[in-house]
Structure formats: C-alpha cells, structure tokens
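Reviewing the structure listed below.
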Amino acid sequence: MQRIRLRYTKRGRLRFTSHRDFQRAFERALRRAEVPMAYSAGFTPHPKVSYANAAPTGTGSEAEYLEIALTEARDPERLRALLDESLPDGLDIVDAVEARTSGLADRLTASVWELRLEGVDPAEADRAVAAFNAAETVEVQRMAKNGVRTFDTRSAVAELETHRSTADRPTDQACAILRLVVRHVTPAVRPDDVLSGLRAVADLAPPVPAAVTRLAQGLFDEETGTVTDPLAPDREAATALPMADSAAAAKAPA
C-alpha cells in the first residue's frame with residue numbers, strides 16, 4: 001500500500017466552503033481521476049483519506065494537508081496534477097510527496113496567519129499589537145458546545161506583528177495587515193480569537209470582517225521562531241533512499 005501526502009489550498013470564494021464540502025469535492029475528484037484508492041473495511045467502506053487540522057470555514061489557506069492510501073503505486077506529481085484538474089479553481093492541489101515517515105499530524109504544531117483589516121489605520125494596529133504583546137494574559141470568551149468558555153489567547157501566540165505591504169492596495173485606503181504565528185494548543189486559538197483579544201486590550205474593532213488566510217503550518221521551531229515545511233522529512237527520506245541503495249550496490253561483491 002502506498003501513502004501520498006498532499007498540500008492543498010482554499011482561495012477566493014472557495015474559502016467559504018466547509019470542511020465537509022471539501023471532503024465531498026475531493027472524493028469526487030478521486031473518482032474522476034481514477035485513483036486506485038484503498039478502502040476501509042466494514043459494512044460501509046470509505047476511501048482511506050486522513051485530514052489534518054483543517055482551517056475554519058470562511059478562512060483562506062495556502063497550507064492544508066491530507067494523506068491518501070493507494071492500492072497501486074502512482075507517481076506523486078502525476079497524481080497531484082490529475083487531482084488538481086478534477087477540483088474547482090480555488091481548491092488547488094499544490095504539492096505531493098510519497099509518505100516515507102510517520103507522524104504528519106504530529107508535525108503540524110503551529111500556523112502562520114495573515115489578517116487583512118480593511119478600514120483600520122496601520123498606526124492604530126501598531127498600538128493594539130504592542131498592547132497585546134506586552135500583556136501576560138489576554139482572556140477571551142467563545143461559545144462552545146457546553147456553553148461559554150473563557151481561555152487565554154496570549155500564551156498560544158508565538159509572534160504577532162504588523163506587516164507593511166502597499167503593492168496591491170491604493171495608498172489612500174486604510175488597511176492594516178497583521179501576521180501571527182499561533183501554536184496549536186487545546187482549546188484551539190483561532191485568528192478570530194486573537195482579534196477578540198486585540199479588542200479586549202486595545203479596543204481594536206475593524207469596521208468589516210477581517211480577511212484571514214493561513215500562509216503556512218508545520219512544526220514550530222522554538223529557537224528560530226519559524227514554522228517548517230511538514231513534508232520536508234518525506235522529501236529528505238526519498239533523497240536518502242536512492243543514495244543508500246547505491247552505496248549498498250557498490251559494496252556488493254561482483
């Protein structure tokens with residue numbers, strides 16, 4: 001059985017698709033692309049697809065991950081192209097590797113998010129970010145299944161800063177851009193929770209909903225403060241294997 005790990009995106013209007021909507025679209029794409037899927041056992045067999053830490057409905061993403069199991073080996077790049085052609089624009093399969101290591105979900109420990117705040121002056125955002133970063137705790141409330149839950153957002157945020165970029169925006173239109181790195185903790189801290197925290201500590205209240213995009217997710221490096229590519233270990237293992245095979249062949253007796 002071959003396992004393939006894929007990175008996909010949610011762009012444009014497709015950011016409003018729910019995770020269940022994506023699952024249905026992806027399973028249709030598997031059938032259209034005639035992927036030799038492995039199926040679960042039991043009375044209701046279903047394709048072996050493992051989803052990892054999907055972004056909330058309404059947020060865009062450049063870094064969603066899943067893993068599929070195949071009954072026949074396929075070239076990862078060819079499979080990626082076939083699946084990408086079978087999905088609507090906006091749900092794009094952008095990377096594929098053969099799984100050669102374990103624990104993909106364990107390598108998704110943090111996310112990098114971008115928040116575009118239309119109608120917010122960057123200087124106002126600077127003050128709010130400074131107040132948030134200076135606070136020891138920033139408690140917010142969210143409605144959960146068991147009622148209203150209060151939790152600290154500050155401890156989950158490894159980095160929060162304003163980002164200057166006017167390349168694609170009119171200079172006379174106020175727009176603050178925030179970049180944040182959020183650790184994956186329990187309970188999960190989402191970008192809208194951080195916005196609630198900014199409102200709590202600095203009364204920052206964007207006049208329109210923020211446009212939120214996940215730029216990356218992966219293993220958080222505490223020393224450098226960066227989020228690493230979770231598929232890199234599989235690529236490294238694939239490179240190391242042919243080298244090991246060549247070394248073994250060189251040592252074999254003639």
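Going through the structure tokens in order, the chains are called A, B, and so on, while each chain numbers its residues from 1 and the ligands are numbered from 1 in the order shown.
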Exercise. Got a sec: who's within 6 Å of region 181-189 of chain A, counting only C-alpha atoms, leaving out chain neighbours fewer than 6 positions off, as a VMD selection string?
Worked result: chain A and resid 109 to 112 156 to 159
Residue selection dump (N, CA, C and O atoms) as a short mmCIF file (atom, residue, chain, number, x, y, z; two decimals), in the first residue's frame:
```cif
data_model
loop_
_atom_site.label_atom_id
_atom_site.label_comp_id
_atom_site.auth_asym_id
_atom_site.auth_seq_id
_atom_site.Cartn_x
_atom_site.Cartn_y
_atom_site.Cartn_z
N THR A 109 2.27 21.73 14.36
CA THR A 109 2.20 22.25 15.73
C THR A 109 1.96 23.76 15.78
O THR A 109 1.77 24.31 16.87
N ALA A 110 1.96 24.44 14.62
CA ALA A 110 1.72 25.88 14.62
C ALA A 110 1.30 26.32 13.22
O ALA A 110 1.56 25.62 12.23
N SER A 111 0.65 27.48 13.14
CA SER A 111 0.22 28.05 11.87
C SER A 111 0.66 29.50 11.77
O SER A 111 0.71 30.22 12.77
N VAL A 112 0.97 29.91 10.54
CA VAL A 112 1.23 31.32 10.24
C VAL A 112 -0.02 31.88 9.56
O VAL A 112 -0.48 31.33 8.55
N ALA A 156 -0.80 31.26 23.46
CA ALA A 156 -0.73 30.49 22.22
C ALA A 156 -0.06 31.26 21.09
O ALA A 156 0.37 30.65 20.10
N VAL A 157 0.03 32.58 21.20
CA VAL A 157 0.58 33.40 20.12
C VAL A 157 2.09 33.52 20.30
O VAL A 157 2.57 34.17 21.22
N ALA A 158 2.83 32.89 19.39
CA ALA A 158 4.29 32.95 19.45
C ALA A 158 4.82 34.24 18.85
O ALA A 158 5.90 34.71 19.23
N GLU A 159 4.08 34.82 17.92
CA GLU A 159 4.52 36.06 17.28
C GLU A 159 3.30 36.79 16.72
O GLU A 159 2.40 36.18 16.15
#
```
Problem set entry | Straight-line distance linking CA of Leu219 (chain A) with CA of Gln23 (chain A), stated in Å to one decimal |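 Taking CA of Leu219 (chain A) as the start and CA of Gln23 (chain A) as the end point, the length is 24.6 Å.
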Exercise. Can you list, as a list in words, every residue of region 42-110 of chain A that DSSP puts in strand (DSSP E)?
Worked result: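 Of region 42-110 of chain A, the ones in strand (DSSP E) are Val49, Ser50, Tyr51, Ala52, Gly60, Ser61, Glu62, Ala63, Glu64, Tyr65, Leu66, Glu67, Ile68, Ala69, Leu70, Ile93, Val94, Asp95, Ala96, Val97, Glu98 and Ala110 of chain A.
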Problem set entry | Shell around region 53-69 of chain A at 7 Å using only C-alpha atoms, local window under 5 positions removed, as a list in words |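 Contacts, with the query itself left out: Met1, Gln2, Arg3, Ile4, Arg5, Leu6, Arg7, Tyr8, Thr9, Lys10, Arg11, Arg15, Phe16, Thr17, Ser18, His19, Met37, Ala38, Lys48, Val212, Thr213, Arg214, Leu215, Ala216 and Gln217 of chain A.
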Could the residues in this selection be written to a file with N, CA and C atoms, as an mmCIF file, in the first residue's frame?
```cif
data_model
loop_
_atom_site.group_PDB
_atom_site.id
_atom_site.type_symbol
_atom_site.label_atom_id
_atom_site.label_comp_id
_atom_site.auth_asym_id
_atom_site.auth_seq_id
_atom_site.Cartn_x
_atom_site.Cartn_y
_atom_site.Cartn_z
ATOM 1 N N MET A 1 0.849 -1.200 0.000
ATOM 2 C CA MET A 1 0.000 0.000 0.000
ATOM 3 C C MET A 1 0.883 1.248 0.000
ATOM 4 N N GLN A 2 0.608 2.157 -0.896
ATOM 5 C CA GLN A 2 1.357 3.405 -0.986
ATOM 6 C C GLN A 2 0.559 4.526 -0.334
ATOM 7 N N ARG A 3 1.251 5.401 0.398
ATOM 8 C CA ARG A 3 0.613 6.562 1.002
ATOM 9 C C ARG A 3 1.193 7.833 0.386
ATOM 10 N N ILE A 4 0.290 8.733 -0.003
ATOM 11 C CA ILE A 4 0.675 10.002 -0.614
ATOM 12 C C ILE A 4 0.158 11.146 0.252
ATOM 13 N N ARG A 5 1.024 12.105 0.531
ATOM 14 C CA ARG A 5 0.625 13.287 1.296
ATOM 15 C C ARG A 5 0.509 14.481 0.365
ATOM 16 N N LEU A 6 -0.581 15.223 0.532
ATOM 17 C CA LEU A 6 -0.897 16.331 -0.361
ATOM 18 C C LEU A 6 -1.057 17.625 0.409
ATOM 19 N N ARG A 7 -0.629 18.727 -0.226
ATOM 20 C CA ARG A 7 -0.930 20.066 0.293
ATOM 21 C C ARG A 7 -1.890 20.725 -0.670
ATOM 22 N N TYR A 8 -2.958 21.315 -0.120
ATOM 23 C CA TYR A 8 -3.946 21.971 -0.978
ATOM 24 C C TYR A 8 -4.299 23.338 -0.421
ATOM 25 N N THR A 9 -4.991 24.122 -1.252
ATOM 26 C CA THR A 9 -5.323 25.497 -0.891
ATOM 27 C C THR A 9 -6.835 25.697 -0.868
ATOM 28 N N LYS A 10 -7.242 26.783 -0.217
ATOM 29 C CA LYS A 10 -8.617 27.292 -0.286
ATOM 30 C C LYS A 10 -8.497 28.775 -0.600
ATOM 31 N N ARG A 11 -8.855 29.152 -1.831
ATOM 32 C CA ARG A 11 -8.647 30.516 -2.293
ATOM 33 C C ARG A 11 -9.942 31.139 -2.796
ATOM 34 N N ARG A 15 -12.930 29.856 -0.108
ATOM 35 C CA ARG A 15 -12.601 29.898 1.321
ATOM 36 C C ARG A 15 -13.846 29.679 2.179
ATOM 37 N N PHE A 16 -15.032 29.899 1.590
ATOM 38 C CA PHE A 16 -16.268 29.752 2.351
ATOM 39 C C PHE A 16 -16.813 28.323 2.327
ATOM 40 N N THR A 17 -16.104 27.409 1.674
ATOM 41 C CA THR A 17 -16.529 26.007 1.719
ATOM 42 C C THR A 17 -16.195 25.420 3.085
ATOM 43 N N SER A 18 -17.104 24.615 3.596
ATOM 44 C CA SER A 18 -16.845 23.945 4.871
ATOM 45 C C SER A 18 -15.909 22.761 4.637
ATOM 46 N N HIS A 19 -15.405 22.200 5.713
ATOM 47 C CA HIS A 19 -14.536 21.028 5.589
ATOM 48 C C HIS A 19 -15.310 19.866 4.971
ATOM 49 N N MET A 37 -7.785 3.930 -4.973
ATOM 50 C CA MET A 37 -7.852 4.158 -3.539
ATOM 51 C C MET A 37 -7.983 2.864 -2.752
ATOM 52 N N ALA A 38 -7.351 2.836 -1.590
ATOM 53 C CA ALA A 38 -7.605 1.785 -0.612
ATOM 54 C C ALA A 38 -8.849 2.177 0.174
ATOM 55 N N LYS A 48 -9.659 5.656 2.130
ATOM 56 C CA LYS A 48 -8.757 5.951 3.229
ATOM 57 C C LYS A 48 -8.089 7.308 2.996
ATOM 58 N N VAL A 212 -8.947 36.547 6.395
ATOM 59 C CA VAL A 212 -7.960 35.721 7.101
ATOM 60 C C VAL A 212 -7.447 34.622 6.170
ATOM 61 N N THR A 213 -6.138 34.476 6.110
ATOM 62 C CA THR A 213 -5.520 33.438 5.279
ATOM 63 C C THR A 213 -4.418 32.730 6.059
ATOM 64 N N ARG A 214 -4.457 31.403 6.038
ATOM 65 C CA ARG A 214 -3.350 30.638 6.615
ATOM 66 C C ARG A 214 -2.258 30.544 5.558
ATOM 67 N N LEU A 215 -1.074 31.063 5.877
ATOM 68 C CA LEU A 215 0.038 31.060 4.943
ATOM 69 C C LEU A 215 0.878 29.795 5.039
ATOM 70 N N ALA A 216 0.948 29.212 6.219
ATOM 71 C CA ALA A 216 1.760 28.006 6.415
ATOM 72 C C ALA A 216 1.330 27.326 7.692
ATOM 73 N N GLN A 217 1.606 26.043 7.771
ATOM 74 C CA GLN A 217 1.504 25.327 9.042
ATOM 75 C C GLN A 217 2.520 24.200 9.027
#
```
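Across the model, the gap from CA of Glu34 (chain A) to CA of Leu82 (chain A) is 9.0 Å.
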Problem set entry | Proximity to Ala130 (chain A) - best of A:Thr162, A:Ser196, A:Thr44, A:Gln173, only C-alpha atoms |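 Of A:Thr162, A:Ser196, A:Thr44, A:Gln173, the one nearest Ala130 (chain A) is A:Thr162, counting only C-alpha atoms.
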Problem set entry | Atom-to-atom span, CA of Glu124 (chain A) and CA of Leu204 (chain A), Å | 7.7 Å
What's around region 118-121 of chain A at 9 Å? Count only C-alpha atoms, leave out sequence neighbours fewer than 4 positions away in its own chain, and write the answer as an mmCIF file with all heavy atoms, in the first residue's frame.
```
data_model
loop_
_atom_site.group_PDB
_atom_site.id
_atom_site.type_symbol
_atom_site.label_atom_id
_atom_site.label_comp_id
_atom_site.auth_asym_id
_atom_site.auth_seq_id
_atom_site.Cartn_x
_atom_site.Cartn_y
_atom_site.Cartn_z
ATOM 1 N N ALA A 125 -3.281 49.810 14.445
ATOM 2 C CA ALA A 125 -2.953 48.389 14.582
ATOM 3 C C ALA A 125 -1.636 48.206 15.325
ATOM 4 O O ALA A 125 -1.498 47.293 16.146
ATOM 5 C CB ALA A 125 -2.890 47.732 13.216
ATOM 6 N N ASP A 126 -0.650 49.082 15.056
ATOM 7 C CA ASP A 126 0.634 49.007 15.764
ATOM 8 C C ASP A 126 0.433 49.117 17.270
ATOM 9 O O ASP A 126 1.025 48.360 18.050
ATOM 10 C CB ASP A 126 1.562 50.130 15.295
ATOM 11 C CG ASP A 126 2.141 49.878 13.904
ATOM 12 O OD1 ASP A 126 2.174 48.709 13.484
ATOM 13 O OD2 ASP A 126 2.564 50.852 13.265
ATOM 14 N N GLN A 173 -6.415 54.189 0.945
ATOM 15 C CA GLN A 173 -7.371 53.331 1.633
ATOM 16 C C GLN A 173 -6.702 52.678 2.827
ATOM 17 O O GLN A 173 -5.719 51.954 2.692
ATOM 18 C CB GLN A 173 -7.905 52.247 0.685
ATOM 19 C CG GLN A 173 -8.975 51.369 1.329
ATOM 20 C CD GLN A 173 -9.537 50.358 0.352
ATOM 21 O OE1 GLN A 173 -9.164 50.366 -0.818
ATOM 22 N NE2 GLN A 173 -10.415 49.505 0.826
ATOM 23 N N ALA A 174 -7.252 52.936 4.009
ATOM 24 C CA ALA A 174 -6.664 52.381 5.226
ATOM 25 C C ALA A 174 -6.823 50.861 5.251
ATOM 26 O O ALA A 174 -7.911 50.338 5.018
ATOM 27 C CB ALA A 174 -7.320 52.995 6.458
ATOM 28 N N CYS A 175 -5.740 50.189 5.524
ATOM 29 C CA CYS A 175 -5.777 48.726 5.649
ATOM 30 C C CYS A 175 -4.570 48.281 6.462
ATOM 31 O O CYS A 175 -3.428 48.529 6.065
ATOM 32 C CB CYS A 175 -5.770 48.048 4.288
ATOM 33 S SG CYS A 175 -5.740 46.234 4.382
ATOM 34 N N ALA A 176 -4.819 47.673 7.590
ATOM 35 C CA ALA A 176 -3.739 47.131 8.412
ATOM 36 C C ALA A 176 -3.619 45.637 8.137
ATOM 37 O O ALA A 176 -4.624 44.933 7.998
ATOM 38 C CB ALA A 176 -4.016 47.374 9.892
ATOM 39 N N ILE A 177 -2.392 45.169 8.042
ATOM 40 C CA ILE A 177 -2.124 43.754 7.796
ATOM 41 C C ILE A 177 -1.356 43.199 8.989
ATOM 42 O O ILE A 177 -0.310 43.737 9.366
ATOM 43 C CB ILE A 177 -1.319 43.543 6.507
ATOM 44 C CG1 ILE A 177 -2.065 44.138 5.311
ATOM 45 C CG2 ILE A 177 -1.052 42.059 6.279
ATOM 46 C CD1 ILE A 177 -1.269 44.113 4.024
ATOM 47 N N LEU A 204 -9.477 47.527 19.566
ATOM 48 C CA LEU A 204 -9.340 47.491 18.110
ATOM 49 C C LEU A 204 -10.539 46.735 17.536
ATOM 50 O O LEU A 204 -10.703 45.542 17.800
ATOM 51 C CB LEU A 204 -8.048 46.795 17.708
ATOM 52 C CG LEU A 204 -7.777 46.727 16.196
ATOM 53 C CD1 LEU A 204 -7.464 48.116 15.649
ATOM 54 C CD2 LEU A 204 -6.629 45.767 15.886
ATOM 55 N N ALA A 205 -11.354 47.419 16.748
ATOM 56 C CA ALA A 205 -12.573 46.815 16.207
ATOM 57 C C ALA A 205 -12.689 47.168 14.724
ATOM 58 O O ALA A 205 -13.161 48.259 14.366
ATOM 59 C CB ALA A 205 -13.801 47.299 16.968
ATOM 60 N N PRO A 206 -12.230 46.295 13.825
ATOM 61 C CA PRO A 206 -12.342 46.568 12.389
ATOM 62 C C PRO A 206 -13.794 46.786 11.983
ATOM 63 O O PRO A 206 -14.691 46.094 12.466
ATOM 64 C CB PRO A 206 -11.784 45.289 11.745
ATOM 65 C CG PRO A 206 -10.918 44.681 12.795
ATOM 66 C CD PRO A 206 -11.574 45.013 14.105
ATOM 67 N N PRO A 207 -14.051 47.760 11.082
ATOM 68 C CA PRO A 207 -15.423 48.040 10.664
ATOM 69 C C PRO A 207 -16.039 46.942 9.805
ATOM 70 O O PRO A 207 -17.262 46.857 9.675
ATOM 71 C CB PRO A 207 -15.297 49.352 9.887
ATOM 72 C CG PRO A 207 -13.882 49.365 9.405
ATOM 73 C CD PRO A 207 -13.089 48.691 10.479
ATOM 74 N N VAL A 208 -15.201 46.111 9.180
ATOM 75 C CA VAL A 208 -15.688 44.985 8.365
ATOM 76 C C VAL A 208 -14.934 43.736 8.800
ATOM 77 O O VAL A 208 -13.836 43.827 9.364
ATOM 78 C CB VAL A 208 -15.483 45.232 6.858
ATOM 79 C CG1 VAL A 208 -16.303 46.420 6.393
ATOM 80 C CG2 VAL A 208 -14.009 45.452 6.530
ATOM 81 N N PRO A 209 -15.491 42.549 8.558
ATOM 82 C CA PRO A 209 -14.798 41.321 8.958
ATOM 83 C C PRO A 209 -13.408 41.218 8.319
ATOM 84 O O PRO A 209 -13.201 41.595 7.167
ATOM 85 C CB PRO A 209 -15.725 40.206 8.458
ATOM 86 C CG PRO A 209 -17.075 40.843 8.409
ATOM 87 C CD PRO A 209 -16.839 42.261 8.006
ATOM 88 N N ALA A 210 -12.480 40.706 9.065
ATOM 89 C CA ALA A 210 -11.108 40.543 8.572
ATOM 90 C C ALA A 210 -11.049 39.450 7.508
ATOM 91 O O ALA A 210 -11.776 38.456 7.572
ATOM 92 C CB ALA A 210 -10.178 40.195 9.731
ATOM 93 N N ALA A 211 -10.181 39.656 6.524
ATOM 94 C CA ALA A 211 -9.875 38.610 5.542
ATOM 95 C C ALA A 211 -8.705 37.808 6.094
ATOM 96 O O ALA A 211 -7.602 38.344 6.243
ATOM 97 C CB ALA A 211 -9.534 39.224 4.200
#
```
For this session: Apply DSSP to the backbone of this structure and, from region 156-232 of chain A, keep only the residues in alpha helix (DSSP H); write these as a PyMOL selection string.
Result: chain A and resi 191-202+232
For this session: Do a neighbour search on Val35 (chain A) at 12 Å with only C-alpha atoms, toss out local chain neighbours closer than 4 positions, and write the hits as number ranges by chain.
Result: A: 2, 4, 26-31, 39, 47-48, 68-76, 78-83, 86
